[in-house]
$ cat query.cif   # mmCIF, C-alpha atoms and all ligand atoms
data_run
loop_
_atom_site.label_atom_id
_atom_site.label_comp_id
_atom_site.auth_asym_id
_atom_site.auth_seq_id
_atom_site.Cartn_x
_atom_site.Cartn_y
_atom_site.Cartn_z
CA MET U 12 -34.89 -27.43 -19.16
CA ALA U 13 -33.49 -28.17 -22.61
CA LYS U 14 -29.76 -27.60 -22.98
CA PRO U 15 -29.28 -24.20 -21.29
CA ARG U 16 -27.52 -21.33 -22.98
CA ILE U 17 -24.95 -19.54 -20.85
CA ALA U 18 -23.57 -16.13 -21.87
CA LEU U 19 -20.29 -14.85 -20.43
CA VAL U 20 -19.81 -11.11 -20.78
CA VAL U 21 -16.34 -9.55 -21.04
CA GLY U 22 -15.10 -6.08 -21.95
CA THR U 23 -11.66 -5.42 -20.47
CA ARG U 24 -8.34 -7.25 -20.24
CA PRO U 25 -8.94 -8.70 -16.76
CA ASP U 26 -12.48 -9.72 -17.75
CA ALA U 27 -11.01 -11.77 -20.59
CA ILE U 28 -8.22 -13.35 -18.53
CA LYS U 29 -10.45 -14.33 -15.62
CA SER U 30 -13.50 -15.38 -17.66
CA ALA U 31 -11.59 -17.41 -20.26
CA PRO U 32 -10.98 -20.39 -17.95
CA VAL U 33 -14.74 -20.52 -17.19
CA VAL U 34 -15.67 -20.37 -20.88
CA LEU U 35 -13.24 -23.19 -21.59
CA ALA U 36 -14.49 -25.24 -18.60
CA LEU U 37 -18.13 -24.90 -19.70
CA ARG U 38 -17.19 -25.76 -23.27
CA ARG U 39 -15.72 -29.00 -21.98
CA HIS U 40 -19.37 -29.99 -21.27
CA PRO U 41 -21.04 -29.35 -24.66
CA GLU U 42 -23.64 -32.02 -23.92
CA LEU U 43 -24.80 -30.03 -20.87
CA CYS U 44 -24.82 -26.43 -22.09
CA GLU U 45 -24.18 -24.01 -24.92
CA THR U 46 -21.66 -21.30 -24.01
CA LEU U 47 -21.60 -17.89 -25.68
CA LEU U 48 -18.97 -15.20 -25.24
CA LEU U 49 -20.29 -11.62 -25.49
CA SER U 50 -17.98 -8.64 -25.54
CA THR U 51 -18.87 -5.03 -24.86
CA GLY U 52 -15.51 -4.06 -26.36
CA GLN U 53 -14.89 -1.64 -23.46
CA HIS U 54 -11.23 -2.32 -24.26
CA ARG U 55 -10.03 -3.02 -27.78
CA GLU U 56 -6.41 -4.06 -28.31
CA MET U 57 -5.96 -5.17 -24.69
CA LEU U 58 -9.12 -7.28 -24.77
CA ASP U 59 -8.38 -8.89 -28.12
CA GLN U 60 -4.84 -9.66 -27.00
CA ALA U 61 -6.05 -11.31 -23.79
CA LEU U 62 -8.75 -13.39 -25.49
CA ALA U 63 -6.28 -14.51 -28.16
CA ALA U 64 -4.05 -15.98 -25.44
CA PHE U 65 -6.84 -18.52 -24.86
CA GLY U 66 -7.81 -18.97 -28.51
CA LEU U 67 -11.17 -17.29 -27.89
CA GLN U 68 -13.21 -14.93 -30.05
CA PRO U 69 -16.43 -13.24 -28.98
CA ASP U 70 -19.67 -14.51 -30.53
CA ARG U 71 -20.91 -10.91 -30.36
CA ASP U 72 -18.83 -7.75 -29.94
CA LEU U 73 -20.47 -4.38 -29.25
CA GLY U 74 -17.21 -2.52 -29.97
CA ILE U 75 -18.04 0.40 -27.68
CA MET U 76 -14.53 1.68 -26.86
CA LYS U 77 -13.84 5.35 -27.60
CA PRO U 78 -10.75 7.39 -26.78
CA GLY U 79 -11.31 9.29 -23.54
CA GLN U 80 -14.51 7.38 -22.80
CA SER U 81 -16.51 8.34 -19.71
CA LEU U 82 -17.98 5.96 -17.16
CA ALA U 83 -21.49 7.09 -18.11
CA GLY U 84 -20.69 6.70 -21.81
CA ILE U 85 -19.46 3.11 -21.42
CA SER U 86 -22.38 2.26 -19.14
CA CYS U 87 -25.07 3.54 -21.54
CA ALA U 88 -23.56 1.95 -24.63
CA ALA U 89 -22.96 -1.38 -22.89
CA LEU U 90 -26.45 -1.49 -21.33
CA GLU U 91 -28.22 -0.81 -24.62
CA GLY U 92 -26.06 -3.23 -26.55
CA LEU U 93 -26.19 -6.03 -24.00
CA ASP U 94 -29.94 -5.66 -23.62
CA ARG U 95 -30.37 -6.04 -27.36
CA ALA U 96 -28.03 -9.04 -27.44
CA MET U 97 -29.90 -10.69 -24.56
CA GLU U 98 -33.25 -10.12 -26.26
CA GLU U 99 -31.96 -11.73 -29.42
CA LEU U 100 -29.84 -14.54 -27.98
CA ARG U 101 -32.07 -15.38 -25.00
CA PRO U 102 -29.46 -16.75 -22.62
CA ASP U 103 -30.71 -18.75 -19.62
CA TYR U 104 -27.84 -17.55 -17.46
CA VAL U 105 -25.42 -14.61 -17.66
CA MET U 106 -21.98 -14.41 -16.06
CA ALA U 107 -19.25 -11.82 -15.65
CA GLN U 108 -16.21 -11.37 -13.44
CA GLY U 109 -14.99 -8.85 -10.95
CA ASP U 110 -15.56 -5.14 -10.81
CA THR U 111 -15.38 -3.50 -14.21
CA THR U 112 -18.14 -1.36 -15.64
CA THR U 113 -18.79 -4.09 -18.20
CA THR U 114 -19.45 -6.49 -15.32
CA PHE U 115 -21.76 -4.16 -13.42
CA ILE U 116 -23.73 -3.44 -16.59
CA ALA U 117 -23.91 -7.14 -17.50
CA SER U 118 -25.44 -7.82 -14.09
CA LEU U 119 -27.92 -4.96 -14.53
CA ALA U 120 -28.90 -6.03 -18.05
CA ALA U 121 -29.47 -9.60 -16.83
CA PHE U 122 -31.52 -8.31 -13.89
CA TYR U 123 -33.76 -6.18 -16.12
CA ARG U 124 -34.45 -9.27 -18.22
CA ARG U 125 -34.83 -11.46 -15.11
CA ILE U 126 -32.04 -13.76 -16.20
CA PRO U 127 -30.01 -15.32 -13.36
CA PHE U 128 -26.58 -13.74 -13.04
CA GLY U 129 -23.47 -15.55 -11.81
CA HIS U 130 -20.71 -13.33 -10.40
CA ILE U 131 -17.17 -14.63 -10.80
CA GLU U 132 -14.64 -13.19 -8.30
CA ALA U 133 -17.40 -12.07 -5.95
CA GLY U 134 -17.07 -10.65 -2.46
CA LEU U 135 -13.87 -8.60 -2.61
CA ARG U 136 -14.30 -5.38 -0.64
CA THR U 137 -12.28 -2.43 0.59
CA GLY U 138 -15.29 -1.00 2.44
CA ASP U 139 -14.60 2.38 0.80
CA LEU U 140 -16.93 3.21 -2.07
CA MET U 141 -14.45 5.72 -3.49
CA ASN U 142 -11.47 3.33 -3.44
CA PRO U 143 -11.07 1.75 -5.92
CA PHE U 144 -13.38 4.02 -7.91
CA PRO U 145 -15.74 3.01 -9.43
CA GLU U 146 -14.84 -0.66 -8.96
CA GLU U 147 -15.97 -1.03 -5.33
CA PHE U 148 -19.44 0.11 -6.38
CA ASN U 149 -19.45 -2.13 -9.46
CA ARG U 150 -18.62 -5.18 -7.38
CA ARG U 151 -21.17 -4.45 -4.68
CA ALA U 152 -23.90 -3.72 -7.23
CA ALA U 153 -23.23 -7.00 -9.06
CA ALA U 154 -23.61 -8.83 -5.73
CA ILE U 155 -27.09 -7.37 -5.18
CA VAL U 156 -28.48 -9.07 -8.29
CA ALA U 157 -26.34 -12.22 -8.34
CA ALA U 158 -28.09 -15.58 -8.19
CA GLN U 159 -24.74 -17.25 -7.56
CA HIS U 160 -21.56 -15.73 -6.08
CA PHE U 161 -18.23 -17.36 -6.90
CA ALA U 162 -15.98 -16.14 -4.12
CA PRO U 163 -12.26 -16.67 -4.71
CA THR U 164 -11.42 -17.02 -1.00
CA ARG U 165 -13.11 -17.59 2.35
CA TRP U 166 -12.50 -13.97 3.24
CA ALA U 167 -14.52 -12.93 0.17
CA LYS U 168 -17.28 -15.31 1.24
CA GLU U 169 -17.32 -13.71 4.72
CA ASN U 170 -17.82 -10.30 3.11
CA LEU U 171 -20.85 -11.60 1.22
CA LEU U 172 -22.30 -13.22 4.33
CA ALA U 173 -21.89 -9.91 6.17
CA GLU U 174 -24.07 -8.38 3.45
CA ARG U 175 -26.68 -11.09 4.11
CA CYS U 176 -26.22 -12.91 0.82
CA ASP U 177 -27.84 -16.35 0.86
CA PRO U 178 -25.09 -18.77 2.04
CA SER U 179 -26.42 -21.53 -0.22
CA ARG U 180 -25.66 -19.30 -3.22
CA ILE U 181 -22.01 -18.63 -2.31
CA PHE U 182 -19.22 -20.97 -3.50
CA VAL U 183 -15.55 -20.61 -2.60
CA THR U 184 -13.82 -21.54 -5.83
CA GLY U 185 -10.37 -19.94 -5.83
CA ASN U 186 -9.64 -17.21 -8.35
CA THR U 187 -10.02 -18.15 -12.01
CA GLY U 188 -7.08 -15.78 -12.67
CA ILE U 189 -4.84 -18.39 -11.03
CA ASP U 190 -6.21 -21.04 -13.41
CA ALA U 191 -5.29 -18.68 -16.24
CA VAL U 192 -1.80 -17.85 -15.05
CA LEU U 193 -0.89 -21.47 -14.36
CA ALA U 194 -2.21 -22.51 -17.77
CA VAL U 195 -0.07 -20.02 -19.69
CA ALA U 196 3.03 -19.95 -17.44
CA GLU U 197 4.83 -22.80 -19.17
CA ARG U 198 3.84 -21.85 -22.69
CA GLU U 199 6.35 -19.14 -23.60
CA PRO U 200 10.12 -19.46 -23.42
CA GLN U 201 11.84 -17.10 -20.97
CA ASN U 202 13.53 -14.64 -23.32
CA TRP U 203 13.12 -11.29 -21.62
CA PHE U 204 16.22 -9.06 -21.63
CA PRO U 205 18.79 -11.74 -22.64
CA ASP U 206 21.62 -9.17 -22.47
CA HIS U 207 20.74 -7.92 -18.99
CA LYS U 208 22.24 -10.03 -16.22
CA GLY U 209 21.07 -7.84 -13.33
CA ARG U 210 17.83 -7.32 -11.47
CA VAL U 211 14.49 -6.38 -13.03
CA LEU U 212 11.76 -4.20 -11.57
CA VAL U 213 8.41 -4.70 -13.32
CA VAL U 214 5.82 -1.95 -13.06
CA THR U 215 2.17 -1.50 -14.05
CA THR U 216 -0.08 1.38 -13.04
CA HIS U 217 -3.45 2.37 -14.43
CA ARG U 218 -5.96 2.96 -11.60
CA ARG U 219 -8.15 6.05 -11.84
CA GLU U 220 -7.30 7.06 -8.24
CA ASN U 221 -3.63 7.22 -9.33
CA TRP U 222 -4.07 9.36 -12.45
CA GLY U 223 -2.13 12.62 -12.37
CA GLU U 224 0.07 13.48 -9.37
CA PRO U 225 0.09 10.03 -7.67
CA GLN U 226 1.31 8.46 -10.92
CA ALA U 227 3.87 11.24 -11.37
CA ALA U 228 5.15 10.54 -7.85
CA ILE U 229 5.44 6.83 -8.66
CA ALA U 230 7.35 7.68 -11.86
CA ARG U 231 9.77 9.94 -9.97
CA ALA U 232 10.43 7.16 -7.45
CA LEU U 233 11.12 4.73 -10.30
CA ARG U 234 13.54 7.14 -11.90
CA ARG U 235 15.44 7.49 -8.64
CA LEU U 236 15.60 3.70 -8.27
CA ALA U 237 16.99 3.32 -11.80
CA GLU U 238 19.57 6.03 -11.09
CA ARG U 239 20.59 4.54 -7.72
CA TYR U 240 21.00 0.84 -8.70
CA ASP U 241 23.09 0.37 -11.80
CA ASP U 242 22.25 -3.33 -12.15
CA LEU U 243 18.52 -2.56 -12.17
CA LEU U 244 16.38 -2.61 -15.30
CA VAL U 245 12.99 -0.96 -14.86
CA ALA U 246 10.35 -2.47 -17.17
CA VAL U 247 7.10 -0.52 -17.33
CA ALA U 248 4.23 -2.27 -19.15
CA MET U 249 2.19 0.79 -20.05
CA HIS U 250 -1.58 0.66 -20.06
CA ARG U 251 -3.04 1.88 -23.37
CA ASN U 252 -4.84 4.76 -21.73
CA PRO U 253 -3.25 8.01 -23.03
CA ILE U 254 -3.80 9.61 -19.61
CA VAL U 255 -1.32 7.14 -18.11
CA ARG U 256 1.27 7.70 -20.84
CA GLU U 257 1.07 11.48 -20.64
CA THR U 258 2.28 11.22 -17.04
CA LEU U 259 4.87 8.46 -17.36
CA LEU U 260 6.66 9.43 -20.58
CA PRO U 261 7.99 12.89 -19.62
CA ILE U 262 9.41 11.60 -16.32
CA LEU U 263 10.73 8.21 -17.42
CA GLY U 264 11.33 8.68 -21.16
CA ASP U 265 15.09 9.26 -20.72
CA ALA U 266 15.66 7.47 -17.40
CA PRO U 267 18.61 5.02 -17.42
CA ARG U 268 17.90 1.29 -18.01
CA THR U 269 14.18 2.02 -18.16
CA VAL U 270 12.04 0.31 -20.79
CA LEU U 271 8.60 1.79 -21.43
CA MET U 272 6.75 -0.85 -23.39
CA GLU U 273 3.40 -1.50 -25.01
CA PRO U 274 1.47 -3.96 -22.85
CA PRO U 275 2.90 -7.39 -23.62
CA GLU U 276 0.41 -10.04 -24.62
CA TYR U 277 -0.70 -12.08 -21.60
CA ALA U 278 1.58 -15.14 -21.87
CA ARG U 279 4.58 -12.83 -22.48
CA PHE U 280 3.60 -10.66 -19.53
CA VAL U 281 3.48 -13.75 -17.32
CA LYS U 282 7.06 -14.52 -18.35
CA LEU U 283 7.98 -10.93 -17.51
CA MET U 284 6.54 -11.38 -14.00
CA GLN U 285 8.61 -14.55 -13.63
CA ARG U 286 11.75 -12.64 -14.68
CA ALA U 287 11.03 -9.88 -12.13
CA THR U 288 13.04 -9.39 -8.96
CA LEU U 289 10.28 -7.16 -7.65
CA ILE U 290 6.91 -5.93 -8.94
CA LEU U 291 5.37 -2.53 -8.27
CA THR U 292 1.74 -2.38 -9.31
CA ASP U 293 -1.71 -0.98 -8.66
CA SER U 294 -3.29 -3.82 -10.67
CA GLY U 295 -5.65 -6.25 -8.99
CA GLY U 296 -4.76 -9.21 -11.18
CA VAL U 297 -1.01 -8.72 -10.94
CA GLN U 298 -1.28 -8.66 -7.12
CA GLU U 299 -2.88 -12.08 -7.31
CA GLU U 300 -0.57 -13.62 -9.88
CA ALA U 301 2.87 -12.57 -8.60
CA PRO U 302 2.68 -14.58 -5.34
CA ALA U 303 2.18 -17.73 -7.41
CA PHE U 304 5.75 -17.19 -8.66
CA GLY U 305 7.28 -16.04 -5.37
CA VAL U 306 7.86 -12.51 -6.62
CA PRO U 307 7.36 -9.79 -3.95
CA VAL U 308 4.80 -7.12 -4.79
CA LEU U 309 4.63 -3.55 -3.58
CA VAL U 310 1.04 -2.39 -4.06
CA LEU U 311 0.80 1.22 -5.24
CA ARG U 312 -2.51 1.87 -3.52
CA GLU U 313 -3.83 3.08 -0.18
CA THR U 314 -6.28 0.19 0.21
CA THR U 315 -6.66 -3.24 -1.28
CA GLU U 316 -9.61 -5.56 -1.67
CA ARG U 317 -7.04 -8.37 -1.81
CA PRO U 318 -5.63 -8.54 1.73
CA GLU U 319 -4.69 -12.23 1.48
CA GLY U 320 -1.34 -11.50 -0.19
CA VAL U 321 -0.52 -8.89 2.44
CA GLN U 322 -1.42 -11.40 5.19
CA ALA U 323 0.67 -14.11 3.52
CA GLY U 324 3.57 -11.64 3.52
CA THR U 325 4.11 -11.65 -0.26
CA ALA U 326 2.59 -8.20 -0.86
CA LYS U 327 2.85 -4.88 0.93
CA LEU U 328 0.63 -1.81 0.59
CA VAL U 329 2.87 1.21 0.03
CA GLY U 330 0.57 3.84 -1.49
CA THR U 331 1.86 6.43 -3.94
CA ASP U 332 4.04 8.80 -1.92
CA GLU U 333 7.35 9.22 -3.79
CA GLU U 334 9.57 8.83 -0.70
CA ARG U 335 7.66 5.81 0.55
CA VAL U 336 7.66 4.01 -2.81
CA PHE U 337 11.37 4.70 -3.24
CA ALA U 338 12.25 3.65 0.33
CA GLU U 339 10.19 0.45 0.32
CA ALA U 340 11.63 -0.69 -3.00
CA ALA U 341 15.17 0.29 -1.94
CA ARG U 342 14.80 -1.70 1.28
CA LEU U 343 13.91 -4.86 -0.65
CA LEU U 344 16.72 -4.28 -3.14
CA GLU U 345 19.28 -3.82 -0.35
CA ASP U 346 18.17 -6.08 2.49
CA PRO U 347 18.33 -9.77 1.55
CA LEU U 348 16.45 -10.83 4.70
CA ALA U 349 13.57 -8.44 4.05
CA TYR U 350 13.51 -9.64 0.43
CA ALA U 351 13.58 -13.34 1.36
CA ALA U 352 10.71 -12.84 3.80
CA MET U 353 8.50 -11.63 0.94
CA ALA U 354 9.75 -13.93 -1.83
CA GLN U 355 7.68 -16.93 -0.91
CA ALA U 356 5.83 -18.88 -3.56
CA VAL U 357 2.41 -19.15 -1.99
CA SER U 358 -0.86 -18.76 -3.76
CA PRO U 359 -3.50 -17.53 -1.35
CA TYR U 360 -5.76 -16.89 -4.33
CA GLY U 361 -6.33 -20.30 -5.88
CA ASP U 362 -5.16 -23.75 -6.88
CA GLY U 363 -5.92 -23.68 -10.61
CA LYS U 364 -9.28 -25.46 -10.35
CA ALA U 365 -11.57 -22.46 -9.83
CA ALA U 366 -13.12 -22.58 -13.29
CA GLU U 367 -14.14 -26.22 -13.07
CA ARG U 368 -15.72 -25.63 -9.64
CA THR U 369 -17.56 -22.61 -11.03
CA ALA U 370 -18.77 -24.46 -14.14
CA CYS U 371 -20.10 -27.39 -12.09
CA ALA U 372 -21.97 -25.09 -9.70
CA VAL U 373 -23.56 -23.19 -12.60
CA LEU U 374 -24.58 -26.38 -14.39
CA ARG U 375 -26.14 -27.78 -11.22
CA PHE U 376 -28.00 -24.50 -10.69
CA LEU U 377 -29.37 -24.96 -14.20
CA GLY U 378 -30.54 -28.48 -13.38
CA GLN U 379 -27.82 -30.27 -15.30
CA ASN U 380 -26.18 -33.46 -14.16
CA ALA U 381 -22.77 -32.08 -13.19
CA PRO U 382 -20.76 -33.41 -10.24
CA GLU U 383 -20.97 -31.69 -6.88
CA VAL U 384 -17.51 -30.28 -6.23
CA ASP U 385 -15.77 -29.34 -3.00
CA GLU U 386 -15.06 -25.73 -2.26
CA TRP U 387 -11.51 -24.45 -2.32
CA ALA U 388 -10.26 -24.60 1.23
CA HIS U 389 -8.54 -21.31 1.77
C1 LIG T 401 -10.79 -0.51 -16.90
C2 LIG T 401 -11.62 -0.85 -15.65
C3 LIG T 401 -10.70 -1.16 -14.48
C4 LIG T 401 -9.70 -2.24 -14.84
C5 LIG T 401 -8.97 -1.84 -16.11
C6 LIG T 401 -8.09 -2.99 -16.55
C7 LIG T 401 -13.78 0.28 -15.40
C8 LIG T 401 -14.49 1.48 -14.90
N1 LIG T 401 -12.44 0.30 -15.29
O1 LIG T 401 -10.09 0.69 -16.62
O2 LIG T 401 -11.49 -1.64 -13.39
O3 LIG T 401 -8.78 -2.35 -13.79
O4 LIG T 401 -9.91 -1.59 -17.16
O5 LIG T 401 -7.12 -2.57 -17.46
O6 LIG T 401 -14.39 -0.64 -15.87
N2 LIG T 401 -7.63 2.04 -24.17
C9 LIG T 401 -7.15 1.74 -25.43
N3 LIG T 401 -7.08 0.42 -25.80
C10 LIG T 401 -7.44 -0.59 -24.98
C11 LIG T 401 -7.91 -0.27 -23.69
C12 LIG T 401 -8.01 1.04 -23.30
O7 LIG T 401 -6.81 2.61 -26.20
O8 LIG T 401 -7.36 -1.77 -25.38
C13 LIG T 401 -7.74 3.47 -23.76
C14 LIG T 401 -8.90 4.20 -24.41
O9 LIG T 401 -8.52 5.50 -24.70
C15 LIG T 401 -9.96 4.22 -23.29
C16 LIG T 401 -9.07 4.36 -22.07
O10 LIG T 401 -7.92 3.55 -22.35
O11 LIG T 401 -10.86 5.30 -23.42
C17 LIG T 401 -9.69 3.95 -20.75
O12 LIG T 401 -10.29 2.66 -20.81
P1 LIG T 401 -11.41 2.26 -19.69
O13 LIG T 401 -11.87 0.87 -19.93
O14 LIG T 401 -12.45 3.30 -19.64
O15 LIG T 401 -10.64 2.38 -18.32
P2 LIG T 401 -9.42 1.58 -17.76
O16 LIG T 401 -8.56 2.56 -17.04
O17 LIG T 401 -8.83 0.74 -18.82
N1 LIG T 402 -1.41 -8.02 -18.01
C1 LIG T 402 -1.02 -8.29 -19.31
N2 LIG T 402 -0.16 -7.41 -19.94
C2 LIG T 402 0.29 -6.29 -19.32
C3 LIG T 402 -0.13 -6.02 -17.99
C4 LIG T 402 -0.99 -6.91 -17.36
O1 LIG T 402 -1.41 -9.30 -19.89
O2 LIG T 402 1.04 -5.54 -19.92
C5 LIG T 402 -2.34 -8.96 -17.33
C6 LIG T 402 -1.95 -9.37 -15.94
O3 LIG T 402 -1.12 -10.52 -15.96
C7 LIG T 402 -3.29 -9.61 -15.27
C8 LIG T 402 -4.21 -8.65 -15.96
O4 LIG T 402 -3.55 -8.26 -17.16
O5 LIG T 402 -3.78 -10.91 -15.53
C9 LIG T 402 -4.49 -7.47 -15.09
O6 LIG T 402 -5.11 -6.47 -15.82
P1 LIG T 402 -5.11 -4.97 -15.36
O7 LIG T 402 -3.93 -4.69 -14.51
O8 LIG T 402 -5.29 -4.18 -16.59
O9 LIG T 402 -6.48 -4.87 -14.53
P2 LIG T 402 -6.88 -5.14 -13.00
O10 LIG T 402 -6.53 -6.53 -12.65
O11 LIG T 402 -6.20 -4.10 -12.18
O12 LIG T 402 -8.36 -4.90 -13.00
#
$ encode --input "query.cif" --output "structure tokens" --more "lines below"
Ligand code: UD1
Ligand code: UDP
Amino acid sequence: MAKPRIALVVGTRPDAIKSAPVVLALRRHPELCETLLLSTGQHREMLDQALAAFGLQPDRDLGIMKPGQSLAGISCAALEGLDRAMEELRPDYVMAQGDTTTTFIASLAAFYRRIPFGHIEAGLRTGDLMNPFPEEFNRRAAAIVAAQHFAPTRWAKENLLAERCDPSRIFVTGNTGIDAVLAVAEREPQNWFPDHKGRVLVVTTHRRENWGEPQAAIARALRRLAERYDDLLVAVAMHRNPIVRETLLPILGDAPRTVLMEPPEYARFVKLMQRATLILTDSGGVQEEAPAFGVPVLVLRETTERPEGVQAGTAKLVGTDEERVFAEAARLLEDPLAYAAMAQAVSPYGDGKAAERTACAVLRFLGQNAPEVDEWAH
């Protein structure tokens, strides 16, 4: 084959953060491949912000985001647009990460055009199709068509084997999100809250399953924590979705020492995680990143497709019940032994070399002379 053309498809903030290291790794081999970055534009500001952190701009942007968009609406617009882009650009290989609708549709568009699809962050499962919704479906559907599965951990590989995926097509790489977080961690100075000498609770919540009452319960628990501990600053990085804000603002708008902020740009957010005493989140990516800095995470969900942090003892599933969220956070804020047990800097999710492993495996699949690399041994 002449120099193959590889298209990475992104649409949301985590797509950008986890795909960027792979784009950059492939672009370090310009003699072996041409690498294009396609964006559905499922997100706008949050996507642009995340790509900018890596100095990347899409080669093609479908710009599909609409306020209040539906899953069907994003899916139709992305499928039509990606199909057209694939017809025109004729990639030899298509890649996308994780479980977003952009990723599922990228895999489907590649399948319809019989282009091999490489799935980054493959094999995570909760086993419950409705949780997270629709992400569990998106991830499983991408696995059906994938020609190569880049599993971040051995556990993820086991899930794929249980679904009878071809073992020779599965590579344990580590999570490319860890490559990203390590690359940006040293870049920004630590200048969060210079006048606050006390503890900081960092919060993100955006999952569909948590919209409405679960998010209201989380917000009430946060308010009680801010009222109880007068050295505690509660920093909430608010997702851009108006549905999330409509719940959080009325409950937390006038809470003491509570900062409701626009989502900080990625490198700044990483510094915020490093400043945190404790993180409460329903985000997938944040669950993976925080252990790299030894910051305990309470996961605001009933299930997680990322059990490794829970097993390592750095994360705990607490759900969204107000009393439970309040009590679990209070315990860590009051009991130094319980806190110390969780505040271990371990990274069960990767060693920062996932993108290079992924790039080499893709290039070899495409018949290029790239080195054979060892899997990540976790
Ligand atoms: C999407 C993903 C979810 C991922 C999350 C990361 C799907 C089905 N969901 O959920 O898996 O965890 O991204 O953040 O793929 N908005 C803006 N500006 C932005 C981004 C979003 O205004 O930059 C608003 C828009 O009103 C948009 C709404 O947020 O309609 C929802 O965005 P959408 O991508 O549909 O869902 P997310 O909840 O962001
Ligand atoms: N993030 C960010 N700014 C924020 C909140 C999160 O840059 O205000 C980063 C975070 O470090 C992680 C990613 O966004 O890398 C996670 O995205 P999100 O929580 O939106 O999606 P998920 O991982 O749950 O799919």
$ residues_near_ligand --input "query.cif" --ligand "ligand LIG 401 (chain T)" --cutoff "8 Å" --atoms "all atoms listed in the file" --output "PyMOL selection string"
chain U and resi 22-25+53-59+76-82+85+110-114+144-146+217-219+250-254+294-295
$ closest_atom_pairs --input "query.cif" --of "chain U" --to "ligand LIG 402 (chain T)" --cutoff "10 Å" --atoms "only C-alpha atoms and all ligand atoms" --output "Markdown table"
| residue | atom | partner | partner_atom | distance |
| --- | --- | --- | --- | --- |
| U:Thr23 | CA | T:LIG402 | O8 | 7.6 |
| U:Arg24 | CA | T:LIG402 | O6 | 5.5 |
| U:Pro25 | CA | T:LIG402 | O6 | 4.5 |
| U:Asp26 | CA | T:LIG402 | O12 | 7.9 |
| U:Ala27 | CA | T:LIG402 | C8 | 8.8 |
| U:Ile28 | CA | T:LIG402 | O5 | 5.9 |
| U:Lys29 | CA | T:LIG402 | O5 | 7.5 |
| U:His54 | CA | T:LIG402 | O8 | 9.9 |
| U:Met57 | CA | T:LIG402 | O1 | 7.8 |
| U:Leu58 | CA | T:LIG402 | O1 | 9.3 |
| U:Gln60 | CA | T:LIG402 | O1 | 7.9 |
| U:Ala61 | CA | T:LIG402 | O1 | 6.4 |
| U:Ala64 | CA | T:LIG402 | O1 | 9.1 |
| U:Gly109 | CA | T:LIG402 | O12 | 8.0 |
| U:Asp110 | CA | T:LIG402 | O12 | 7.5 |
| U:Thr111 | CA | T:LIG402 | O12 | 7.3 |
| U:Pro143 | CA | T:LIG402 | O11 | 9.9 |
| U:Glu146 | CA | T:LIG402 | O12 | 8.7 |
| U:Gly188 | CA | T:LIG402 | O5 | 6.5 |
| U:Ile189 | CA | T:LIG402 | O5 | 8.8 |
| U:Ala191 | CA | T:LIG402 | O5 | 7.9 |
| U:Val192 | CA | T:LIG402 | O5 | 7.2 |
| U:Val213 | CA | T:LIG402 | C3 | 9.8 |
| U:Val214 | CA | T:LIG402 | C3 | 8.7 |
| U:Thr215 | CA | T:LIG402 | C3 | 6.4 |
| U:Thr216 | CA | T:LIG402 | O7 | 7.3 |
| U:His217 | CA | T:LIG402 | O7 | 7.1 |
| U:Arg218 | CA | T:LIG402 | O11 | 7.1 |
| U:Val247 | CA | T:LIG402 | O2 | 8.3 |
| U:Ala248 | CA | T:LIG402 | O2 | 4.6 |
| U:Met249 | CA | T:LIG402 | O2 | 6.4 |
| U:His250 | CA | T:LIG402 | O2 | 6.7 |
| U:Arg251 | CA | T:LIG402 | O2 | 9.1 |
| U:Met272 | CA | T:LIG402 | O2 | 8.2 |
| U:Glu273 | CA | T:LIG402 | O2 | 6.9 |
| U:Pro274 | CA | T:LIG402 | O2 | 3.4 |
| U:Pro275 | CA | T:LIG402 | O2 | 4.5 |
| U:Glu276 | CA | T:LIG402 | O1 | 5.1 |
| U:Tyr277 | CA | T:LIG402 | O1 | 3.3 |
| U:Ala278 | CA | T:LIG402 | O1 | 6.9 |
| U:Arg279 | CA | T:LIG402 | O1 | 7.4 |
| U:Phe280 | CA | T:LIG402 | N2 | 5.0 |
| U:Val281 | CA | T:LIG402 | O3 | 5.8 |
| U:Lys282 | CA | T:LIG402 | O3 | 9.4 |
| U:Leu283 | CA | T:LIG402 | O2 | 9.1 |
| U:Met284 | CA | T:LIG402 | O3 | 8.0 |
| U:Thr292 | CA | T:LIG402 | O7 | 8.0 |
| U:Asp293 | CA | T:LIG402 | O11 | 6.5 |
| U:Ser294 | CA | T:LIG402 | O11 | 3.3 |
| U:Gly295 | CA | T:LIG402 | O10 | 3.8 |
| U:Gly296 | CA | T:LIG402 | O10 | 3.5 |
| U:Val297 | CA | T:LIG402 | C7 | 5.0 |
| U:Gln298 | CA | T:LIG402 | O10 | 7.9 |
| U:Glu299 | CA | T:LIG402 | C7 | 8.3 |
| U:Glu300 | CA | T:LIG402 | O3 | 6.8 |
| U:Ala301 | CA | T:LIG402 | O3 | 8.6 |
$ residues_around --input "query.cif" --residues "Met141 in chain U" --least-positions-apart "6" --cutoff "10 Å" --atoms "all atoms listed in the file" --output "list of chain:residue names"
U:Glu147, U:Phe148, U:Glu220
$ closest_residue --input "query.cif" --among "U:His160, U:Arg268, U:Arg39, U:Arg312" --to "Leu172 in chain U" --atoms "only C-alpha atoms"
U:His160
$ closest_residue --input "query.cif" --among "U:Val255, U:Leu47, U:Ile116, U:Thr187" --to "Arg101 in chain U" --atoms "only C-alpha atoms"
U:Leu47
$ closest_residue --input "query.cif" --among "U:His389, U:Lys327, U:Arg368, U:Arg239" --to "Ala167 in chain U" --atoms "all atoms listed in the file"
U:His389
